[in-house]
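See structure below.
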Amino acid sequence: MTGRPRSAVAALPGYKPGRSAAAAAAEHGIADAIKMASNELPYGPLPSVAGAISAGIEHIGLYADHGATALREDLAQFVGVDTEQVTIGAGSAGILQQLLLSYVGSGDQVAMCWPSFEAYPLFAALVEAEQVRVPLVNETFDLVALAAAITDKTKLVFVTNPNNPTGTIVPTADIAEFLRTVPERCLVVLDEAYSEFVTDERVTDSIALLADHSNLVITRTFSKAHGLAGLRIGYALGHPDVIGMIDRTLVPFAINELAQRAARASLAAADEMRVRVAEVVSERTRVVESLRSTGWELPDPQGNFVWLPVLGDAAALGFDLERHGVVTRAFPDVGMRVTIASAEWNDRFLAALAKVRPQS
C-alpha cells in the first residue's frame, strides 16, 4: 500500500450512494430505467432559484464568502433565532461530520438508534469512536432505551426525525422529555433533513427546544424539500458556543457561491417550495394507500419516501425491481426505501412491484 493511511480510514467501507439508473440500465439491458433510490425531489429548481444560480455564474472565478454571512442572516430571520446560532455546511451530512470532528475522539462513545442514516457509523469510525446502537421499536426510535444507553463516555447522540430509512417520527414532546434526561456534557444532534415533509401533528417546531437545552443541535438541509441536493448545502442551529466549534472544522470555502445564492433565493420563495412539498406529500399518500390496499404493511411515512420492511427479501426484491427498470434503495436483511417521485414514476414502481411481489 502506498503511504501509511490511518488505520481508522483504511478500515472505512466508504459511503455507498444509491445506484444510478444508468448502471441498472446497462446491467439489465433496459433503455428507460428510473432512479427512486436517493430521496431526490422530482423537480428542477424553482424559477427564481434557477435565475439566482444563472446570475451567479459570472462570480465563480472568485472565492465565495467562507462564512456564508448573508445566508446565515437570512436563515436566522427565517427560523427565528440569532445569527450566532446558525452555521452553514456542505449539506447537513457535512455538518454532521464537522460535529464529530469537533467533539468526539478516540475512545468516546456515539449513540444512535439503528437502522438510521448510513453516514453516522462512518463518521463515528472516522474519529475512532465507539458506536452504541439501540434497536428501533416498530421501525421507530426508542428514546427511552437510547437514554438508558448513554454513559459517562457518550459525547454525542443522534436523534433522526423523521428517521431515514424508515420514515417514522417521534413526537416533539418525547424529544423534550429525552433532552431532560441527557446530561449537558453530551450533545444531542436532532437530524431533521426531512422535516418539511412531516404531517404528523405530534411533531412541532423543535427550535423552541433550543432555549432550554444548550447541548441541542438541530441539523437541516436544502437538499430535500428545496431540491438543491446537487449544490450540497445544509445548516445547523444551536448554542453560539457549539456553533463556533462547528465552524472551526469547516473546510475553507466549502460552501460555494452558487449554493449560497440558490439557498437564499429558495428561502425567499418558501411559499413556492411548500407547494411542491404538498405535491410530494399528496403522492406519498396515494402510493401508501395503493400499497396498503394490496396487502402491504408499512409504517406511516413522514419523509419523501416509503419504507417496505421486507427484511431478508430486500436485496432480492431490489434486484427484481431493477430488472423492471426501477432502481430503489435496498438495505440487505432490513428493508427497502423507495423515493416518492413524479406520478408517472410512482405508477411505474407500483406496477413493477405488483409484478415481482404480488400480494393477496
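Labels used: A, B, ... for chains in the order of the C-alpha cells, numbers from 1 for residues in each chain, and numbers from 1 for ligands as shown.
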
Need to verify the contact set: Asp174 (chain A), 12 Å, only C-alpha atoms, exclusion of same-chain residues closer than 3 positions in sequence. Can you return it as a ChimeraX atom specification?
/A:141-144,147,159,161,169-171,177-181,202-204,206,209

Selection export as a compact mmCIF listing (two decimals), in the first residue's frame, atoms kept: all heavy atoms:
# COMPACT_ATOMS: atom_id res chain seq x y z
N PHE A 141 -37.51 5.24 16.48
CA PHE A 141 -36.53 5.49 17.53
C PHE A 141 -37.13 5.19 18.90
O PHE A 141 -38.23 5.64 19.22
CB PHE A 141 -36.08 6.95 17.49
CG PHE A 141 -34.77 7.17 16.78
CD1 PHE A 141 -34.61 6.79 15.46
CD2 PHE A 141 -33.70 7.76 17.42
CE1 PHE A 141 -33.41 6.99 14.79
CE2 PHE A 141 -32.48 7.97 16.78
CZ PHE A 141 -32.34 7.57 15.45
N ASP A 142 -36.39 4.46 19.70
CA ASP A 142 -36.78 4.15 21.07
C ASP A 142 -35.99 5.09 21.99
O ASP A 142 -34.87 4.78 22.40
CB ASP A 142 -36.46 2.68 21.38
CG ASP A 142 -36.90 2.25 22.77
OD1 ASP A 142 -37.27 3.13 23.57
OD2 ASP A 142 -36.85 1.04 23.06
N LEU A 143 -36.56 6.23 22.30
CA LEU A 143 -35.83 7.25 23.06
C LEU A 143 -35.57 6.83 24.50
O LEU A 143 -34.56 7.24 25.10
CB LEU A 143 -36.58 8.58 23.01
CG LEU A 143 -36.67 9.25 21.64
CD1 LEU A 143 -37.33 10.62 21.77
CD2 LEU A 143 -35.29 9.39 21.00
N VAL A 144 -36.44 6.03 25.08
CA VAL A 144 -36.21 5.56 26.45
C VAL A 144 -34.98 4.67 26.49
O VAL A 144 -34.09 4.84 27.34
CB VAL A 144 -37.45 4.80 26.97
CG1 VAL A 144 -37.15 4.18 28.33
CG2 VAL A 144 -38.65 5.75 27.07
N ALA A 147 -31.80 6.75 25.82
CA ALA A 147 -31.36 7.49 27.01
C ALA A 147 -30.63 6.56 27.98
O ALA A 147 -29.62 6.94 28.58
CB ALA A 147 -32.56 8.14 27.69
N VAL A 159 -30.54 11.76 17.14
CA VAL A 159 -31.98 11.52 17.07
C VAL A 159 -32.41 11.97 15.68
O VAL A 159 -32.23 13.13 15.32
CB VAL A 159 -32.76 12.29 18.15
CG1 VAL A 159 -34.26 12.07 17.98
CG2 VAL A 159 -32.30 11.87 19.53
N ASN A 161 -35.30 12.59 12.94
CA ASN A 161 -36.75 12.80 12.96
C ASN A 161 -37.20 13.65 11.77
O ASN A 161 -36.96 14.86 11.75
CB ASN A 161 -37.15 13.50 14.26
CG ASN A 161 -38.56 13.22 14.68
OD1 ASN A 161 -39.07 12.12 14.50
ND2 ASN A 161 -39.22 14.21 15.26
N ILE A 169 -41.54 8.93 12.81
CA ILE A 169 -41.25 10.10 13.66
C ILE A 169 -41.36 9.74 15.13
O ILE A 169 -41.98 8.73 15.50
CB ILE A 169 -42.17 11.28 13.35
CG1 ILE A 169 -43.66 10.91 13.61
CG2 ILE A 169 -41.98 11.78 11.94
CD1 ILE A 169 -44.19 11.28 14.96
N VAL A 170 -40.76 10.57 15.96
CA VAL A 170 -41.05 10.57 17.39
C VAL A 170 -41.64 11.94 17.72
O VAL A 170 -41.19 12.96 17.19
CB VAL A 170 -39.79 10.29 18.25
CG1 VAL A 170 -39.39 8.84 18.15
CG2 VAL A 170 -38.64 11.19 17.84
N PRO A 171 -42.67 12.00 18.56
CA PRO A 171 -43.30 13.28 18.89
C PRO A 171 -42.31 14.25 19.53
O PRO A 171 -41.40 13.84 20.27
CB PRO A 171 -44.41 12.89 19.86
CG PRO A 171 -44.70 11.45 19.57
CD PRO A 171 -43.37 10.87 19.19
N GLU A 177 -38.74 15.41 26.52
CA GLU A 177 -38.52 14.58 27.70
C GLU A 177 -37.16 13.90 27.64
O GLU A 177 -36.45 13.80 28.65
CB GLU A 177 -39.63 13.53 27.81
CG GLU A 177 -39.50 12.59 29.00
CD GLU A 177 -39.51 13.31 30.33
OE1 GLU A 177 -40.18 14.36 30.44
OE2 GLU A 177 -38.84 12.81 31.27
N PHE A 178 -36.78 13.43 26.47
CA PHE A 178 -35.47 12.81 26.29
C PHE A 178 -34.35 13.80 26.62
O PHE A 178 -33.39 13.45 27.33
CB PHE A 178 -35.35 12.33 24.84
CG PHE A 178 -33.98 11.83 24.45
CD1 PHE A 178 -33.56 10.57 24.83
CD2 PHE A 178 -33.13 12.61 23.69
CE1 PHE A 178 -32.31 10.09 24.47
CE2 PHE A 178 -31.88 12.15 23.31
CZ PHE A 178 -31.47 10.89 23.71
N LEU A 179 -34.48 15.03 26.16
CA LEU A 179 -33.46 16.04 26.42
C LEU A 179 -33.29 16.30 27.92
O LEU A 179 -32.17 16.58 28.39
CB LEU A 179 -33.81 17.34 25.70
CG LEU A 179 -33.57 17.34 24.19
CD1 LEU A 179 -34.29 18.52 23.54
CD2 LEU A 179 -32.08 17.39 23.89
N ARG A 180 -34.37 16.20 28.67
CA ARG A 180 -34.28 16.43 30.12
C ARG A 180 -33.48 15.33 30.82
O ARG A 180 -33.00 15.55 31.94
CB ARG A 180 -35.69 16.53 30.71
CG ARG A 180 -36.39 17.85 30.41
CD ARG A 180 -37.66 18.02 31.22
NE ARG A 180 -38.76 17.23 30.68
CZ ARG A 180 -39.62 17.68 29.76
NH1 ARG A 180 -39.48 18.90 29.27
NH2 ARG A 180 -40.60 16.92 29.32
N THR A 181 -33.34 14.18 30.18
CA THR A 181 -32.60 13.08 30.79
C THR A 181 -31.14 13.03 30.38
O THR A 181 -30.35 12.30 30.99
CB THR A 181 -33.25 11.73 30.44
OG1 THR A 181 -33.04 11.45 29.04
CG2 THR A 181 -34.74 11.75 30.73
N ARG A 202 -48.13 15.56 15.92
CA ARG A 202 -47.36 15.39 17.16
C ARG A 202 -45.96 15.97 17.03
O ARG A 202 -45.25 16.12 18.04
CB ARG A 202 -47.30 13.92 17.53
CG ARG A 202 -48.64 13.29 17.87
CD ARG A 202 -48.48 11.80 18.11
NE ARG A 202 -48.00 11.12 16.90
CZ ARG A 202 -47.54 9.88 16.86
NH1 ARG A 202 -47.49 9.16 17.99
NH2 ARG A 202 -47.14 9.35 15.73
N VAL A 203 -45.55 16.28 15.82
CA VAL A 203 -44.25 16.92 15.59
C VAL A 203 -44.48 18.42 15.44
O VAL A 203 -45.16 18.87 14.52
CB VAL A 203 -43.57 16.35 14.34
CG1 VAL A 203 -42.25 17.09 14.08
CG2 VAL A 203 -43.31 14.87 14.51
N THR A 204 -43.90 19.19 16.35
CA THR A 204 -44.00 20.64 16.32
C THR A 204 -42.60 21.23 16.10
O THR A 204 -41.62 20.48 15.99
CB THR A 204 -44.63 21.17 17.61
OG1 THR A 204 -43.84 20.73 18.74
CG2 THR A 204 -46.06 20.65 17.76
N SER A 206 -39.20 22.19 16.56
CA SER A 206 -38.18 21.83 17.57
C SER A 206 -37.31 23.00 17.97
O SER A 206 -36.60 22.94 18.98
CB SER A 206 -37.30 20.70 17.03
OG SER A 206 -36.65 21.11 15.84
N LEU A 209 -37.05 24.21 21.49
CA LEU A 209 -36.28 23.46 22.49
C LEU A 209 -34.88 24.04 22.71
O LEU A 209 -34.25 23.76 23.73
CB LEU A 209 -36.15 21.99 22.05
CG LEU A 209 -37.45 21.21 21.85
CD1 LEU A 209 -37.16 19.84 21.25
CD2 LEU A 209 -38.18 21.07 23.18

With region 110-131 of chain A as the partner and 10 Å as the cut-off, tabulate the residues of region 5-71 of chain A that qualify, each row holding the nearest pair of atoms and their distance in Å to one decimal, using only C-alpha atoms, sorted by chain and rising number, as JSON lines.
{"residue": "A:Arg6", "atom": "CA", "partner": "A:Leu126", "partner_atom": "CA", "distance": 9.3}
{"residue": "A:Ser7", "atom": "CA", "partner": "A:Glu128", "partner_atom": "CA", "distance": 9.3}
{"residue": "A:Ala8", "atom": "CA", "partner": "A:Leu126", "partner_atom": "CA", "distance": 5.9}
{"residue": "A:Val9", "atom": "CA", "partner": "A:Leu126", "partner_atom": "CA", "distance": 6.2}
{"residue": "A:Ala10", "atom": "CA", "partner": "A:Leu126", "partner_atom": "CA", "distance": 9.7}
{"residue": "A:Ala11", "atom": "CA", "partner": "A:Ala125", "partner_atom": "CA", "distance": 8.6}
{"residue": "A:Leu12", "atom": "CA", "partner": "A:Leu122", "partner_atom": "CA", "distance": 6.8}
{"residue": "A:Pro13", "atom": "CA", "partner": "A:Leu122", "partner_atom": "CA", "distance": 7.9}
{"residue": "A:Gly14", "atom": "CA", "partner": "A:Leu122", "partner_atom": "CA", "distance": 7.2}
{"residue": "A:Tyr15", "atom": "CA", "partner": "A:Ala119", "partner_atom": "CA", "distance": 6.7}
{"residue": "A:Lys16", "atom": "CA", "partner": "A:Glu118", "partner_atom": "CA", "distance": 8.6}
{"residue": "A:Pro17", "atom": "CA", "partner": "A:Glu118", "partner_atom": "CA", "distance": 9.7}

For the structure I just gave you, how does DSSP split region 59-250 of chain A - specifically, which residues are alpha helix (DSSP H)? Reply as a PyMOL selection string.
chain A and resi 69-79+91-103+119-126+143-148+172-181+240-248

Counting only C-alpha atoms, what is within 6 Å of region 87-104 of chain A, bar same-chain residues fewer than 3 positions away, as a list of chain:residue names?
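Returned residues: A:Phe123, A:Thr219, A:Arg220, A:Thr221, A:Arg232, A:Ile233, A:Gly234, A:Tyr235, A:Ala236, A:Ile246, A:Thr249, A:Ile255.
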
Using the selection just defined, write its residues with all heavy atoms as a short mmCIF file (atom, residue, chain, number, x, y, z; two decimals), in the first residue's frame.
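Written output follows (selection.cif):
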data_model
loop_
_atom_site.label_atom_id
_atom_site.label_comp_id
_atom_site.auth_asym_id
_atom_site.auth_seq_id
_atom_site.Cartn_x
_atom_site.Cartn_y
_atom_site.Cartn_z
N PHE A 123 -18.94 8.33 10.11
CA PHE A 123 -18.36 9.49 10.79
C PHE A 123 -17.81 9.10 12.16
O PHE A 123 -16.76 9.60 12.60
CB PHE A 123 -19.41 10.60 10.94
CG PHE A 123 -19.89 11.17 9.64
CD1 PHE A 123 -21.14 11.76 9.55
CD2 PHE A 123 -19.12 11.11 8.49
CE1 PHE A 123 -21.60 12.29 8.35
CE2 PHE A 123 -19.56 11.64 7.28
CZ PHE A 123 -20.81 12.22 7.22
N THR A 219 -29.98 19.89 12.85
CA THR A 219 -29.42 19.97 11.50
C THR A 219 -30.53 19.82 10.47
O THR A 219 -31.43 19.00 10.62
CB THR A 219 -28.35 18.89 11.26
OG1 THR A 219 -28.93 17.59 11.42
CG2 THR A 219 -27.20 19.05 12.24
N ARG A 220 -30.46 20.64 9.44
CA ARG A 220 -31.42 20.62 8.34
C ARG A 220 -30.68 20.81 7.02
O ARG A 220 -29.48 21.09 7.01
CB ARG A 220 -32.49 21.71 8.53
CG ARG A 220 -33.36 21.49 9.77
CD ARG A 220 -34.36 22.61 9.98
NE ARG A 220 -35.22 22.36 11.14
CZ ARG A 220 -36.11 23.22 11.61
NH1 ARG A 220 -36.27 24.40 11.02
NH2 ARG A 220 -36.86 22.91 12.65
N THR A 221 -31.41 20.69 5.92
CA THR A 221 -30.74 20.71 4.63
C THR A 221 -31.58 21.39 3.56
O THR A 221 -32.82 21.47 3.67
CB THR A 221 -30.42 19.27 4.18
OG1 THR A 221 -29.67 19.31 2.96
CG2 THR A 221 -31.68 18.44 3.96
N ARG A 232 -25.13 20.82 -2.56
CA ARG A 232 -24.56 20.47 -1.26
C ARG A 232 -24.54 21.66 -0.29
O ARG A 232 -23.52 22.30 -0.06
CB ARG A 232 -23.13 19.91 -1.40
CG ARG A 232 -22.98 18.77 -2.37
CD ARG A 232 -23.97 17.63 -2.12
NE ARG A 232 -23.91 17.13 -0.77
CZ ARG A 232 -24.97 16.99 0.02
NH1 ARG A 232 -26.18 17.34 -0.38
NH2 ARG A 232 -24.85 16.51 1.22
N ILE A 233 -25.70 21.91 0.30
CA ILE A 233 -25.77 22.99 1.29
C ILE A 233 -26.79 22.63 2.36
O ILE A 233 -27.90 22.20 2.08
CB ILE A 233 -26.08 24.34 0.62
CG1 ILE A 233 -25.97 25.48 1.63
CG2 ILE A 233 -27.43 24.33 -0.09
CD1 ILE A 233 -25.74 26.83 0.99
N GLY A 234 -26.36 22.75 3.60
CA GLY A 234 -27.22 22.47 4.75
C GLY A 234 -26.91 23.45 5.86
O GLY A 234 -26.03 24.31 5.74
N TYR A 235 -27.63 23.33 6.98
CA TYR A 235 -27.39 24.26 8.08
C TYR A 235 -27.67 23.59 9.41
O TYR A 235 -28.32 22.54 9.48
CB TYR A 235 -28.20 25.53 7.92
CG TYR A 235 -29.70 25.39 7.92
CD1 TYR A 235 -30.46 25.67 9.06
CD2 TYR A 235 -30.39 25.02 6.77
CE1 TYR A 235 -31.84 25.57 9.07
CE2 TYR A 235 -31.77 24.93 6.76
CZ TYR A 235 -32.50 25.20 7.91
OH TYR A 235 -33.87 25.10 7.91
N ALA A 236 -27.16 24.21 10.46
CA ALA A 236 -27.39 23.73 11.83
C ALA A 236 -27.75 24.91 12.71
O ALA A 236 -27.31 26.05 12.48
CB ALA A 236 -26.18 23.01 12.37
N ILE A 246 -18.27 24.13 15.65
CA ILE A 246 -18.53 23.51 14.35
C ILE A 246 -17.83 24.29 13.24
O ILE A 246 -17.23 23.71 12.33
CB ILE A 246 -20.06 23.46 14.08
CG1 ILE A 246 -20.76 22.61 15.13
CG2 ILE A 246 -20.33 22.89 12.68
CD1 ILE A 246 -22.28 22.67 15.04
N THR A 249 -14.16 23.54 12.08
CA THR A 249 -13.80 22.38 11.27
C THR A 249 -14.37 22.46 9.84
O THR A 249 -14.33 21.47 9.10
CB THR A 249 -14.29 21.08 11.93
OG1 THR A 249 -15.70 21.16 12.18
CG2 THR A 249 -13.55 20.84 13.25
N ILE A 255 -18.58 26.02 1.06
CA ILE A 255 -19.92 26.35 0.59
C ILE A 255 -19.79 27.29 -0.59
O ILE A 255 -19.49 28.48 -0.44
CB ILE A 255 -20.76 26.99 1.71
CG1 ILE A 255 -20.74 26.11 2.96
CG2 ILE A 255 -22.20 27.17 1.27
CD1 ILE A 255 -20.29 26.82 4.18
#

Residues within 12 Å of region 273-279 of chain A, only C-alpha atoms, excluding chain neighbours under 6 positions, as a PyMOL selection string:
chain A and resi 40-49+194-199+222+224-228+263+265-267+285-286+302-304+340-343

Check the smallest atom-to-atom distance from each of A:Arg329, A:His324, A:Arg264, A:Arg348 to Arg72 (chain A) using only C-alpha atoms, then report the winner.
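That would be A:Arg264, the residue with the smallest distance to Arg72 (chain A).
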
Give me the residues within 9 Å of Phe319 (chain A) as a PyMOL selection string, counting only C-alpha atoms and dropping any in the same chain fewer than 6 places off.
chain A and resi 327-328+330

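If only C-alpha atoms are the atoms counted, then among A:Thr160, A:Val356, A:Ala50, A:Ala315 the closest residue to Ala269 (chain A) is A:Ala50.
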
Do a neighbour search on region 83-86 of chain A at 9 Å with only C-alpha atoms, toss out local chain neighbours closer than 6 positions, and write the hits as an MDAnalysis selection string.
chainID A and resid 69 72:77 235:244

Please, what distance in Å, to one decimal, runs between CA of Asp108 (chain A) and CA of Ile150 (chain A)?
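The value is 11.3 Å.
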
Set the distance at 12 Å and use only C-alpha atoms: which residues neighbour Glu322 (chain A) once local chain neighbours fewer than 2 positions away are removed? I'd like the list as an MDAnalysis selection string.
chainID A and resid 19:37 315:320 324:330 348:349 352:353 356

When you draw a straight line from CA of Val217 (chain A) to CA of Thr168 (chain A), how long is it in Å?
20.0 Å

Just the strand (DSSP E) stuff from region 211-322 of chain A, please, per backbone DSSP, written as a ChimeraX atom specification.
/A:216-221,234-237,305-311

Would you write out those residues with all heavy atoms, as a short mmCIF file (atom, residue, chain, number, x, y, z; two decimals), in the first residue's frame?
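Written output follows (out_24.cif):
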data_model
loop_
_atom_site.label_atom_id
_atom_site.label_comp_id
_atom_site.auth_asym_id
_atom_site.auth_seq_id
_atom_site.Cartn_x
_atom_site.Cartn_y
_atom_site.Cartn_z
N LEU A 216 -28.27 20.95 22.56
CA LEU A 216 -29.05 20.51 21.40
C LEU A 216 -28.54 21.19 20.13
O LEU A 216 -28.36 22.42 20.11
CB LEU A 216 -30.53 20.83 21.61
CG LEU A 216 -31.46 20.61 20.41
CD1 LEU A 216 -31.51 19.13 20.03
CD2 LEU A 216 -32.87 21.13 20.70
N VAL A 217 -28.34 20.39 19.09
CA VAL A 217 -28.01 20.92 17.76
C VAL A 217 -29.01 20.34 16.78
O VAL A 217 -29.21 19.13 16.73
CB VAL A 217 -26.58 20.52 17.33
CG1 VAL A 217 -26.27 21.10 15.95
CG2 VAL A 217 -25.55 20.98 18.35
N ILE A 218 -29.66 21.22 16.02
CA ILE A 218 -30.63 20.80 15.01
C ILE A 218 -30.00 20.95 13.64
O ILE A 218 -29.51 22.04 13.29
CB ILE A 218 -31.91 21.64 15.10
CG1 ILE A 218 -32.55 21.52 16.48
CG2 ILE A 218 -32.91 21.24 14.01
CD1 ILE A 218 -33.66 22.53 16.74
N THR A 219 -29.98 19.89 12.85
CA THR A 219 -29.42 19.97 11.50
C THR A 219 -30.53 19.82 10.47
O THR A 219 -31.43 19.00 10.62
CB THR A 219 -28.35 18.89 11.26
OG1 THR A 219 -28.93 17.59 11.42
CG2 THR A 219 -27.20 19.05 12.24
N ARG A 220 -30.46 20.64 9.44
CA ARG A 220 -31.42 20.62 8.34
C ARG A 220 -30.68 20.81 7.02
O ARG A 220 -29.48 21.09 7.01
CB ARG A 220 -32.49 21.71 8.53
CG ARG A 220 -33.36 21.49 9.77
CD ARG A 220 -34.36 22.61 9.98
NE ARG A 220 -35.22 22.36 11.14
CZ ARG A 220 -36.11 23.22 11.61
NH1 ARG A 220 -36.27 24.40 11.02
NH2 ARG A 220 -36.86 22.91 12.65
N THR A 221 -31.41 20.69 5.92
CA THR A 221 -30.74 20.71 4.63
C THR A 221 -31.58 21.39 3.56
O THR A 221 -32.82 21.47 3.67
CB THR A 221 -30.42 19.27 4.18
OG1 THR A 221 -29.67 19.31 2.96
CG2 THR A 221 -31.68 18.44 3.96
N GLY A 234 -26.36 22.75 3.60
CA GLY A 234 -27.22 22.47 4.75
C GLY A 234 -26.91 23.45 5.86
O GLY A 234 -26.03 24.31 5.74
N TYR A 235 -27.63 23.33 6.98
CA TYR A 235 -27.39 24.26 8.08
C TYR A 235 -27.67 23.59 9.41
O TYR A 235 -28.32 22.54 9.48
CB TYR A 235 -28.20 25.53 7.92
CG TYR A 235 -29.70 25.39 7.92
CD1 TYR A 235 -30.46 25.67 9.06
CD2 TYR A 235 -30.39 25.02 6.77
CE1 TYR A 235 -31.84 25.57 9.07
CE2 TYR A 235 -31.77 24.93 6.76
CZ TYR A 235 -32.50 25.20 7.91
OH TYR A 235 -33.87 25.10 7.91
N ALA A 236 -27.16 24.21 10.46
CA ALA A 236 -27.39 23.73 11.83
C ALA A 236 -27.75 24.91 12.71
O ALA A 236 -27.31 26.05 12.48
CB ALA A 236 -26.18 23.01 12.37
N LEU A 237 -28.55 24.62 13.74
CA LEU A 237 -28.97 25.61 14.72
C LEU A 237 -28.57 25.11 16.10
O LEU A 237 -28.74 23.93 16.41
CB LEU A 237 -30.49 25.80 14.66
CG LEU A 237 -31.09 26.02 13.26
CD1 LEU A 237 -32.62 25.94 13.32
CD2 LEU A 237 -30.65 27.35 12.69
N PHE A 305 -40.36 9.54 1.11
CA PHE A 305 -40.10 8.17 0.71
C PHE A 305 -41.00 7.24 1.52
O PHE A 305 -41.60 7.66 2.52
CB PHE A 305 -38.62 7.80 0.94
CG PHE A 305 -38.14 8.06 2.35
CD1 PHE A 305 -38.23 7.07 3.34
CD2 PHE A 305 -37.61 9.29 2.71
CE1 PHE A 305 -37.80 7.30 4.63
CE2 PHE A 305 -37.18 9.54 4.02
CZ PHE A 305 -37.27 8.55 4.97
N VAL A 306 -41.09 6.01 1.06
CA VAL A 306 -41.82 4.98 1.81
C VAL A 306 -40.85 3.85 2.14
O VAL A 306 -39.84 3.66 1.45
CB VAL A 306 -43.03 4.42 1.02
CG1 VAL A 306 -44.06 5.51 0.81
CG2 VAL A 306 -42.60 3.83 -0.31
N TRP A 307 -41.18 3.10 3.17
CA TRP A 307 -40.32 2.04 3.67
C TRP A 307 -41.06 0.72 3.66
O TRP A 307 -42.16 0.61 4.22
CB TRP A 307 -39.85 2.36 5.09
CG TRP A 307 -39.07 1.30 5.79
CD1 TRP A 307 -39.46 0.53 6.85
CD2 TRP A 307 -37.72 0.89 5.50
NE1 TRP A 307 -38.47 -0.32 7.24
CE2 TRP A 307 -37.37 -0.13 6.42
CE3 TRP A 307 -36.78 1.29 4.55
CZ2 TRP A 307 -36.13 -0.75 6.42
CZ3 TRP A 307 -35.54 0.67 4.55
CH2 TRP A 307 -35.22 -0.33 5.49
N LEU A 308 -40.48 -0.26 2.99
CA LEU A 308 -41.03 -1.61 2.97
C LEU A 308 -40.16 -2.50 3.87
O LEU A 308 -39.02 -2.81 3.51
CB LEU A 308 -41.04 -2.17 1.54
CG LEU A 308 -41.79 -1.34 0.49
CD1 LEU A 308 -41.72 -2.04 -0.87
CD2 LEU A 308 -43.23 -1.11 0.89
N PRO A 309 -40.65 -2.92 5.03
CA PRO A 309 -39.85 -3.73 5.96
C PRO A 309 -39.80 -5.20 5.53
O PRO A 309 -40.36 -6.08 6.19
CB PRO A 309 -40.57 -3.53 7.29
CG PRO A 309 -41.99 -3.27 6.91
CD PRO A 309 -41.96 -2.55 5.60
N VAL A 310 -39.11 -5.46 4.44
CA VAL A 310 -39.12 -6.80 3.84
C VAL A 310 -37.97 -7.69 4.34
O VAL A 310 -37.82 -8.83 3.89
CB VAL A 310 -39.07 -6.71 2.31
CG1 VAL A 310 -40.40 -6.18 1.78
CG2 VAL A 310 -37.91 -5.82 1.83
N LEU A 311 -37.15 -7.17 5.25
CA LEU A 311 -36.10 -7.95 5.92
C LEU A 311 -35.22 -8.70 4.92
O LEU A 311 -34.63 -8.10 4.03
CB LEU A 311 -36.73 -8.89 6.94
CG LEU A 311 -37.57 -8.20 8.04
CD1 LEU A 311 -38.21 -9.22 8.97
CD2 LEU A 311 -36.73 -7.21 8.82
#
